[in-house]
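The data block below is input_2.cif; it holds mmCIF, N, CA and C atoms.
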```cif
data_data
#
loop_
_atom_site.label_atom_id
_atom_site.label_comp_id
_atom_site.auth_asym_id
_atom_site.auth_seq_id
_atom_site.Cartn_x
_atom_site.Cartn_y
_atom_site.Cartn_z
N MET L 1 -14.62 -0.33 -30.80
CA MET L 1 -13.74 -1.45 -31.03
C MET L 1 -13.13 -1.33 -32.42
N ASP L 2 -11.94 -1.80 -32.59
CA ASP L 2 -11.21 -1.68 -33.83
C ASP L 2 -11.84 -2.51 -34.94
N THR L 3 -12.45 -3.65 -34.58
CA THR L 3 -13.08 -4.50 -35.60
C THR L 3 -14.26 -3.80 -36.25
N ASN L 4 -14.98 -3.03 -35.47
CA ASN L 4 -16.13 -2.30 -36.02
C ASN L 4 -15.66 -1.31 -37.08
N LYS L 5 -14.55 -0.62 -36.83
CA LYS L 5 -13.99 0.31 -37.81
C LYS L 5 -13.55 -0.42 -39.08
N LYS L 6 -12.94 -1.59 -38.88
CA LYS L 6 -12.50 -2.37 -40.04
C LYS L 6 -13.69 -2.82 -40.88
N ILE L 7 -14.74 -3.24 -40.19
CA ILE L 7 -15.94 -3.69 -40.91
C ILE L 7 -16.57 -2.52 -41.65
N GLN L 8 -16.64 -1.36 -41.00
CA GLN L 8 -17.20 -0.19 -41.66
C GLN L 8 -16.37 0.22 -42.88
N THR L 9 -15.05 0.14 -42.76
CA THR L 9 -14.17 0.45 -43.89
C THR L 9 -14.40 -0.54 -45.02
N LEU L 10 -14.53 -1.82 -44.66
CA LEU L 10 -14.78 -2.85 -45.65
C LEU L 10 -16.11 -2.61 -46.36
N ILE L 11 -17.12 -2.26 -45.57
CA ILE L 11 -18.44 -1.99 -46.15
C ILE L 11 -18.37 -0.78 -47.08
N ASN L 12 -17.70 0.28 -46.67
CA ASN L 12 -17.58 1.47 -47.51
C ASN L 12 -16.83 1.17 -48.80
N ASP L 13 -15.74 0.40 -48.70
CA ASP L 13 -14.99 0.03 -49.90
C ASP L 13 -15.83 -0.83 -50.83
N GLN L 14 -16.57 -1.74 -50.22
CA GLN L 14 -17.41 -2.65 -51.01
C GLN L 14 -18.52 -1.87 -51.72
N GLU L 15 -19.08 -0.88 -51.04
CA GLU L 15 -20.16 -0.10 -51.64
C GLU L 15 -19.65 0.74 -52.80
N ASN L 16 -18.39 1.10 -52.77
CA ASN L 16 -17.84 1.85 -53.89
C ASN L 16 -17.83 1.02 -55.17
N TYR L 17 -17.59 -0.28 -55.07
CA TYR L 17 -17.51 -1.12 -56.25
C TYR L 17 -18.87 -1.69 -56.66
N ASN L 18 -19.63 -2.13 -55.71
CA ASN L 18 -20.97 -2.61 -56.01
C ASN L 18 -21.82 -2.56 -54.74
N GLU L 19 -23.08 -2.62 -54.91
CA GLU L 19 -24.01 -2.55 -53.78
C GLU L 19 -24.01 -3.88 -53.04
N LEU L 20 -24.00 -3.80 -51.69
CA LEU L 20 -24.09 -5.01 -50.88
C LEU L 20 -25.55 -5.39 -50.70
N SER L 21 -25.76 -6.65 -50.64
CA SER L 21 -27.13 -7.10 -50.41
C SER L 21 -27.46 -7.03 -48.92
N GLU L 22 -28.73 -7.14 -48.61
CA GLU L 22 -29.17 -7.08 -47.21
C GLU L 22 -28.61 -8.26 -46.41
N SER L 23 -28.52 -9.43 -47.02
CA SER L 23 -28.02 -10.61 -46.30
C SER L 23 -26.54 -10.44 -45.94
N GLU L 24 -25.76 -9.81 -46.81
CA GLU L 24 -24.36 -9.58 -46.49
C GLU L 24 -24.20 -8.59 -45.35
N LEU L 25 -25.02 -7.54 -45.33
CA LEU L 25 -24.97 -6.57 -44.24
C LEU L 25 -25.34 -7.22 -42.91
N LYS L 26 -26.36 -8.09 -42.94
CA LYS L 26 -26.75 -8.79 -41.70
C LYS L 26 -25.63 -9.71 -41.23
N THR L 27 -24.94 -10.33 -42.19
CA THR L 27 -23.82 -11.21 -41.84
C THR L 27 -22.71 -10.41 -41.15
N TYR L 28 -22.41 -9.23 -41.68
CA TYR L 28 -21.40 -8.38 -41.05
C TYR L 28 -21.84 -7.94 -39.65
N GLU L 29 -23.10 -7.62 -39.47
CA GLU L 29 -23.61 -7.21 -38.16
C GLU L 29 -23.54 -8.36 -37.16
N ILE L 30 -23.89 -9.57 -37.60
CA ILE L 30 -23.82 -10.74 -36.71
C ILE L 30 -22.37 -11.01 -36.32
N LEU L 31 -21.47 -10.91 -37.27
CA LEU L 31 -20.04 -11.11 -36.98
C LEU L 31 -19.53 -10.07 -35.98
N ASP L 32 -19.89 -8.83 -36.18
CA ASP L 32 -19.48 -7.76 -35.28
C ASP L 32 -20.05 -7.98 -33.88
N GLY L 33 -21.30 -8.37 -33.80
CA GLY L 33 -21.93 -8.62 -32.49
C GLY L 33 -21.29 -9.78 -31.75
N SER L 34 -20.95 -10.84 -32.47
CA SER L 34 -20.32 -11.99 -31.80
C SER L 34 -18.90 -11.68 -31.35
N LEU L 35 -18.20 -10.82 -32.09
CA LEU L 35 -16.86 -10.44 -31.66
C LEU L 35 -16.89 -9.58 -30.41
N LYS L 36 -17.93 -8.78 -30.24
CA LYS L 36 -18.03 -7.93 -29.05
C LYS L 36 -18.39 -8.74 -27.81
N LYS L 37 -19.19 -9.79 -27.95
CA LYS L 37 -19.66 -10.57 -26.80
C LYS L 37 -18.55 -11.39 -26.15
N GLY L 38 -17.84 -12.14 -26.93
CA GLY L 38 -16.84 -13.06 -26.37
C GLY L 38 -17.47 -14.43 -26.20
N SER L 39 -16.69 -15.37 -25.78
CA SER L 39 -17.16 -16.74 -25.64
C SER L 39 -17.77 -16.96 -24.26
N GLU L 40 -18.90 -17.66 -24.22
CA GLU L 40 -19.54 -17.96 -22.93
C GLU L 40 -18.91 -19.18 -22.27
N LYS L 41 -18.35 -20.08 -23.06
CA LYS L 41 -17.81 -21.33 -22.52
C LYS L 41 -16.32 -21.23 -22.18
N GLY L 42 -15.65 -20.26 -22.73
CA GLY L 42 -14.20 -20.17 -22.52
C GLY L 42 -13.80 -18.81 -21.98
N PHE L 43 -12.58 -18.47 -22.23
CA PHE L 43 -12.04 -17.19 -21.78
C PHE L 43 -12.46 -16.08 -22.73
N SER L 44 -12.41 -14.85 -22.23
CA SER L 44 -12.74 -13.71 -23.08
C SER L 44 -11.63 -13.48 -24.10
N LEU L 45 -11.92 -12.66 -25.09
CA LEU L 45 -10.95 -12.42 -26.15
C LEU L 45 -9.71 -11.70 -25.65
N GLY L 46 -9.84 -10.87 -24.65
CA GLY L 46 -8.70 -10.11 -24.13
C GLY L 46 -7.96 -10.81 -23.02
N PHE L 47 -8.31 -12.07 -22.73
CA PHE L 47 -7.70 -12.78 -21.62
C PHE L 47 -6.21 -12.97 -21.83
N SER L 48 -5.81 -13.40 -23.02
CA SER L 48 -4.39 -13.65 -23.26
C SER L 48 -3.58 -12.36 -23.19
N ILE L 49 -4.14 -11.27 -23.68
CA ILE L 49 -3.44 -9.98 -23.62
C ILE L 49 -3.25 -9.57 -22.17
N HIS L 50 -4.27 -9.79 -21.35
CA HIS L 50 -4.20 -9.44 -19.92
C HIS L 50 -3.11 -10.26 -19.22
N ILE L 51 -3.05 -11.55 -19.52
CA ILE L 51 -2.05 -12.43 -18.90
C ILE L 51 -0.65 -12.03 -19.36
N ILE L 52 -0.49 -11.71 -20.64
CA ILE L 52 0.82 -11.30 -21.16
C ILE L 52 1.29 -10.02 -20.48
N LYS L 53 0.38 -9.06 -20.27
CA LYS L 53 0.75 -7.83 -19.57
C LYS L 53 1.20 -8.11 -18.14
N LYS L 54 0.50 -9.03 -17.46
CA LYS L 54 0.89 -9.36 -16.08
C LYS L 54 2.26 -10.02 -16.04
N ILE L 55 2.53 -10.91 -16.98
CA ILE L 55 3.82 -11.60 -17.01
C ILE L 55 4.94 -10.60 -17.30
N GLU L 56 4.72 -9.70 -18.24
CA GLU L 56 5.73 -8.69 -18.55
C GLU L 56 5.98 -7.77 -17.36
N ALA L 57 4.91 -7.40 -16.65
CA ALA L 57 5.07 -6.54 -15.47
C ALA L 57 5.86 -7.27 -14.38
N LYS L 58 5.61 -8.57 -14.23
CA LYS L 58 6.33 -9.36 -13.22
C LYS L 58 7.82 -9.47 -13.58
N LYS L 59 8.12 -9.67 -14.86
CA LYS L 59 9.52 -9.72 -15.29
C LYS L 59 10.20 -8.37 -15.07
N GLN L 60 9.48 -7.29 -15.36
CA GLN L 60 10.05 -5.96 -15.16
C GLN L 60 10.32 -5.70 -13.69
N ARG L 61 9.40 -6.15 -12.80
CA ARG L 61 9.62 -5.98 -11.36
C ARG L 61 10.83 -6.76 -10.90
N ARG L 62 11.00 -7.99 -11.38
CA ARG L 62 12.18 -8.79 -11.01
C ARG L 62 13.46 -8.09 -11.44
N PHE L 63 13.46 -7.56 -12.66
CA PHE L 63 14.64 -6.85 -13.15
C PHE L 63 14.91 -5.62 -12.30
N ASN L 64 13.86 -4.88 -11.95
CA ASN L 64 14.03 -3.69 -11.12
C ASN L 64 14.57 -4.04 -9.74
N ILE L 65 14.09 -5.13 -9.17
CA ILE L 65 14.58 -5.55 -7.85
C ILE L 65 16.07 -5.89 -7.92
N LYS L 66 16.48 -6.58 -8.98
CA LYS L 66 17.90 -6.91 -9.14
C LYS L 66 18.73 -5.63 -9.30
N LEU L 67 18.21 -4.70 -10.07
CA LEU L 67 18.91 -3.43 -10.28
C LEU L 67 19.02 -2.64 -8.98
N TYR L 68 17.93 -2.59 -8.22
CA TYR L 68 17.95 -1.87 -6.94
C TYR L 68 18.88 -2.55 -5.94
N ALA L 69 18.92 -3.88 -5.95
CA ALA L 69 19.82 -4.60 -5.06
C ALA L 69 21.28 -4.29 -5.41
N LEU L 70 21.59 -4.27 -6.70
CA LEU L 70 22.95 -3.93 -7.13
C LEU L 70 23.31 -2.51 -6.72
N PHE L 71 22.39 -1.59 -6.94
CA PHE L 71 22.62 -0.19 -6.56
C PHE L 71 22.82 -0.07 -5.05
N SER L 72 22.04 -0.81 -4.26
CA SER L 72 22.17 -0.76 -2.80
C SER L 72 23.52 -1.29 -2.34
N VAL L 73 23.97 -2.38 -2.96
CA VAL L 73 25.28 -2.95 -2.58
C VAL L 73 26.39 -1.97 -2.92
N ILE L 74 26.33 -1.36 -4.09
CA ILE L 74 27.35 -0.38 -4.48
C ILE L 74 27.33 0.82 -3.54
N LEU L 75 26.15 1.28 -3.18
CA LEU L 75 26.03 2.41 -2.26
C LEU L 75 26.59 2.06 -0.88
N LEU L 76 26.30 0.87 -0.41
CA LEU L 76 26.81 0.43 0.89
C LEU L 76 28.33 0.30 0.87
N MET L 77 28.86 -0.22 -0.23
CA MET L 77 30.32 -0.33 -0.34
C MET L 77 30.96 1.06 -0.40
N SER L 78 30.34 1.97 -1.10
CA SER L 78 30.87 3.34 -1.18
C SER L 78 30.85 4.01 0.18
N PHE L 79 29.77 3.81 0.91
CA PHE L 79 29.67 4.39 2.25
C PHE L 79 30.74 3.81 3.18
N ALA L 80 30.96 2.51 3.09
CA ALA L 80 32.01 1.87 3.91
C ALA L 80 33.39 2.42 3.51
N PHE L 81 33.61 2.63 2.23
CA PHE L 81 34.87 3.20 1.75
C PHE L 81 35.07 4.61 2.30
N LEU L 82 34.00 5.42 2.28
CA LEU L 82 34.11 6.77 2.80
C LEU L 82 34.42 6.78 4.29
N ILE L 83 33.80 5.92 5.04
CA ILE L 83 34.04 5.87 6.49
C ILE L 83 35.47 5.42 6.78
N THR L 84 35.97 4.49 5.99
CA THR L 84 37.30 3.94 6.24
C THR L 84 38.41 4.93 5.92
N PHE L 85 38.33 5.63 4.81
CA PHE L 85 39.45 6.43 4.36
C PHE L 85 39.36 7.93 4.64
N PHE L 86 38.27 8.42 5.14
CA PHE L 86 38.16 9.85 5.44
C PHE L 86 38.54 10.12 6.88
N ASN L 87 39.16 11.25 7.09
CA ASN L 87 39.46 11.65 8.47
C ASN L 87 38.44 12.70 8.91
N GLN L 88 38.63 13.22 10.12
CA GLN L 88 37.64 14.13 10.71
C GLN L 88 37.55 15.46 9.94
N ASP L 89 38.64 15.98 9.46
CA ASP L 89 38.61 17.25 8.71
C ASP L 89 37.81 17.12 7.41
N GLN L 90 37.98 16.00 6.75
CA GLN L 90 37.23 15.80 5.51
C GLN L 90 35.73 15.66 5.79
N PHE L 91 35.36 15.00 6.88
CA PHE L 91 33.95 14.88 7.25
C PHE L 91 33.35 16.26 7.56
N LEU L 92 34.10 17.09 8.26
CA LEU L 92 33.61 18.44 8.57
C LEU L 92 33.41 19.26 7.29
N MET L 93 34.36 19.12 6.36
CA MET L 93 34.23 19.84 5.10
C MET L 93 33.01 19.34 4.31
N MET L 94 32.78 18.04 4.26
CA MET L 94 31.63 17.48 3.54
C MET L 94 30.32 17.87 4.21
N SER L 95 30.29 17.88 5.53
CA SER L 95 29.05 18.25 6.22
C SER L 95 28.73 19.73 5.99
N SER L 96 29.75 20.59 5.99
CA SER L 96 29.48 22.01 5.72
C SER L 96 29.02 22.20 4.27
N LEU L 97 29.58 21.43 3.35
CA LEU L 97 29.15 21.50 1.95
C LEU L 97 27.71 21.02 1.81
N PHE L 98 27.38 19.94 2.53
CA PHE L 98 26.00 19.44 2.50
C PHE L 98 25.03 20.47 3.07
N LEU L 99 25.40 21.09 4.17
CA LEU L 99 24.53 22.09 4.78
C LEU L 99 24.34 23.31 3.86
N GLU L 100 25.35 23.62 3.07
CA GLU L 100 25.24 24.74 2.15
C GLU L 100 24.28 24.43 1.00
N TYR L 101 24.29 23.19 0.53
CA TYR L 101 23.46 22.80 -0.61
C TYR L 101 22.35 21.83 -0.19
N LYS L 102 21.87 21.93 1.02
CA LYS L 102 20.89 20.96 1.51
C LYS L 102 19.57 21.02 0.75
N PHE L 103 19.15 22.18 0.29
CA PHE L 103 17.87 22.27 -0.42
C PHE L 103 17.95 21.61 -1.80
N ILE L 104 19.09 21.71 -2.44
CA ILE L 104 19.26 21.04 -3.74
C ILE L 104 19.24 19.52 -3.54
N VAL L 105 19.92 19.06 -2.52
CA VAL L 105 19.95 17.62 -2.23
C VAL L 105 18.56 17.13 -1.87
N LEU L 106 17.84 17.87 -1.04
CA LEU L 106 16.48 17.46 -0.67
C LEU L 106 15.54 17.48 -1.87
N PHE L 107 15.70 18.47 -2.74
CA PHE L 107 14.87 18.54 -3.94
C PHE L 107 15.11 17.33 -4.84
N LEU L 108 16.38 16.97 -5.04
CA LEU L 108 16.69 15.82 -5.88
C LEU L 108 16.16 14.53 -5.26
N LEU L 109 16.28 14.39 -3.95
CA LEU L 109 15.76 13.22 -3.27
C LEU L 109 14.24 13.14 -3.40
N LEU L 110 13.57 14.26 -3.23
CA LEU L 110 12.12 14.31 -3.38
C LEU L 110 11.71 14.01 -4.82
N ALA L 111 12.45 14.49 -5.79
CA ALA L 111 12.14 14.23 -7.20
C ALA L 111 12.25 12.74 -7.51
N VAL L 112 13.27 12.08 -7.01
CA VAL L 112 13.44 10.65 -7.24
C VAL L 112 12.29 9.87 -6.61
N ILE L 113 11.91 10.23 -5.39
CA ILE L 113 10.80 9.55 -4.72
C ILE L 113 9.50 9.74 -5.49
N LEU L 114 9.23 10.94 -5.95
CA LEU L 114 8.00 11.21 -6.70
C LEU L 114 7.97 10.46 -8.04
N ILE L 115 9.10 10.36 -8.69
CA ILE L 115 9.16 9.62 -9.95
C ILE L 115 8.86 8.14 -9.70
N GLN L 116 9.41 7.59 -8.64
CA GLN L 116 9.16 6.19 -8.32
C GLN L 116 7.69 5.95 -8.00
N LEU L 117 7.10 6.82 -7.20
CA LEU L 117 5.69 6.65 -6.84
C LEU L 117 4.79 6.80 -8.06
N SER L 118 5.07 7.76 -8.91
CA SER L 118 4.22 7.95 -10.09
C SER L 118 4.34 6.77 -11.05
N SER L 119 5.53 6.21 -11.20
CA SER L 119 5.67 5.04 -12.08
C SER L 119 4.92 3.85 -11.53
N ARG L 120 4.88 3.68 -10.21
CA ARG L 120 4.11 2.58 -9.63
C ARG L 120 2.62 2.77 -9.84
N PHE L 121 2.14 4.00 -9.70
CA PHE L 121 0.71 4.25 -9.93
C PHE L 121 0.36 4.02 -11.39
N MET L 122 1.24 4.40 -12.31
CA MET L 122 0.96 4.21 -13.73
C MET L 122 0.95 2.73 -14.08
N ILE L 123 1.85 1.96 -13.49
CA ILE L 123 1.89 0.51 -13.75
C ILE L 123 0.63 -0.14 -13.21
N SER L 124 0.19 0.25 -12.02
CA SER L 124 -1.01 -0.35 -11.45
C SER L 124 -2.24 0.01 -12.28
N LYS L 125 -2.29 1.23 -12.85
CA LYS L 125 -3.42 1.60 -13.72
C LYS L 125 -3.40 0.79 -15.00
N GLU L 126 -2.22 0.53 -15.57
CA GLU L 126 -2.13 -0.25 -16.79
C GLU L 126 -2.59 -1.68 -16.56
N LEU L 127 -2.27 -2.26 -15.41
CA LEU L 127 -2.67 -3.61 -15.10
C LEU L 127 -4.18 -3.70 -14.88
N LYS L 128 -4.78 -2.66 -14.33
CA LYS L 128 -6.22 -2.67 -14.12
C LYS L 128 -6.97 -2.55 -15.43
N ASP L 129 -6.39 -1.83 -16.38
CA ASP L 129 -7.06 -1.67 -17.70
C ASP L 129 -6.91 -2.93 -18.46
#
```

Would you write out, as structure tokens, the structure that this file holds?
Amino acid sequence: MDTNKKIQTLINDQENYNELSESELKTYEILDGSLKKGSEKGFSLGFSIHIIKKIEAKKQRRFNIKLYALFSVILLMSFAFLITFFNQDQFLMMSSLFLEYKFIVLFLLLAVILIQLSSRFMISKELKD
């Protein structure tokens, strides 16, 4: 715990200037022990941090959903535009181009899916910690 390091640093600094008495050392140990335990009647010391992380994750999810919805609408409009204004020759040319570069397109699609899945797993691990 970070408090233990701070206490040890304080003790080392204090010992450089003068010797600590036994009662002061016991006081530091009692303080360190009570900080590690937490409160029995109330919430733990990390409770507020845990709640703040959950709220931030929920806000981030809402923002992501809005962003994905916007991207989906733009994609749907683009697809409708392509269907409306392209003729059969242009579709044949695009399909042959897609078939020529299908592995690159599939690789990029797979990369995007893997990035999304890994980010979800990382977020779920952060919330569990």

Just how far from atom C of Lys54 (chain L) is CA of Arg120 (chain L), in Å to one decimal?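 Atom-to-atom, CA of Arg120 (chain L) and atom C of Lys54 (chain L) are spaced 14.3 Å apart.
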
One decimal, Å: what's the distance from CA of Ile74 (chain L) over to atom C of Ile104 (chain L), could you say? 21.5 Å

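Atom pair CA of Lys102 (chain L) / atom C of Gln90 (chain L) has a distance of 16.3 Å (rounded to one decimal).
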
Can you sort out region 68-81 of chain L so it carries N, CA, C and O atoms, written as a tab-separated table (two decimals), keeping the file's coordinate frame?
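Result written to rebuild21.tsv:
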```tsv
chain	number	residue	atom	x	y	z
L	68	TYR	N	17.93	-2.59	-8.22
L	68	TYR	CA	17.95	-1.87	-6.94
L	68	TYR	C	18.88	-2.55	-5.94
L	68	TYR	O	19.56	-1.88	-5.16
L	69	ALA	N	18.92	-3.88	-5.95
L	69	ALA	CA	19.82	-4.60	-5.06
L	69	ALA	C	21.28	-4.29	-5.41
L	69	ALA	O	22.11	-4.05	-4.52
L	70	LEU	N	21.59	-4.27	-6.70
L	70	LEU	CA	22.95	-3.93	-7.13
L	70	LEU	C	23.31	-2.51	-6.72
L	70	LEU	O	24.40	-2.25	-6.19
L	71	PHE	N	22.39	-1.59	-6.94
L	71	PHE	CA	22.62	-0.19	-6.56
L	71	PHE	C	22.82	-0.07	-5.05
L	71	PHE	O	23.69	0.68	-4.59
L	72	SER	N	22.04	-0.81	-4.26
L	72	SER	CA	22.17	-0.76	-2.80
L	72	SER	C	23.52	-1.29	-2.34
L	72	SER	O	24.15	-0.71	-1.44
L	73	VAL	N	23.97	-2.38	-2.96
L	73	VAL	CA	25.28	-2.95	-2.58
L	73	VAL	C	26.39	-1.97	-2.92
L	73	VAL	O	27.31	-1.74	-2.12
L	74	ILE	N	26.33	-1.36	-4.09
L	74	ILE	CA	27.35	-0.38	-4.48
L	74	ILE	C	27.33	0.82	-3.54
L	74	ILE	O	28.39	1.32	-3.12
L	75	LEU	N	26.15	1.28	-3.18
L	75	LEU	CA	26.03	2.41	-2.26
L	75	LEU	C	26.59	2.06	-0.88
L	75	LEU	O	27.30	2.86	-0.27
L	76	LEU	N	26.30	0.87	-0.41
L	76	LEU	CA	26.81	0.43	0.89
L	76	LEU	C	28.33	0.30	0.87
L	76	LEU	O	29.01	0.73	1.82
L	77	MET	N	28.86	-0.22	-0.23
L	77	MET	CA	30.32	-0.33	-0.34
L	77	MET	C	30.96	1.06	-0.40
L	77	MET	O	32.03	1.28	0.19
L	78	SER	N	30.34	1.97	-1.10
L	78	SER	CA	30.87	3.34	-1.18
L	78	SER	C	30.85	4.01	0.18
L	78	SER	O	31.80	4.70	0.57
L	79	PHE	N	29.77	3.81	0.91
L	79	PHE	CA	29.67	4.39	2.25
L	79	PHE	C	30.74	3.81	3.18
L	79	PHE	O	31.37	4.55	3.94
L	80	ALA	N	30.96	2.51	3.09
L	80	ALA	CA	32.01	1.87	3.91
L	80	ALA	C	33.39	2.42	3.51
L	80	ALA	O	34.25	2.66	4.37
L	81	PHE	N	33.61	2.63	2.23
L	81	PHE	CA	34.87	3.20	1.75
L	81	PHE	C	35.07	4.61	2.30
L	81	PHE	O	36.17	4.96	2.75
```
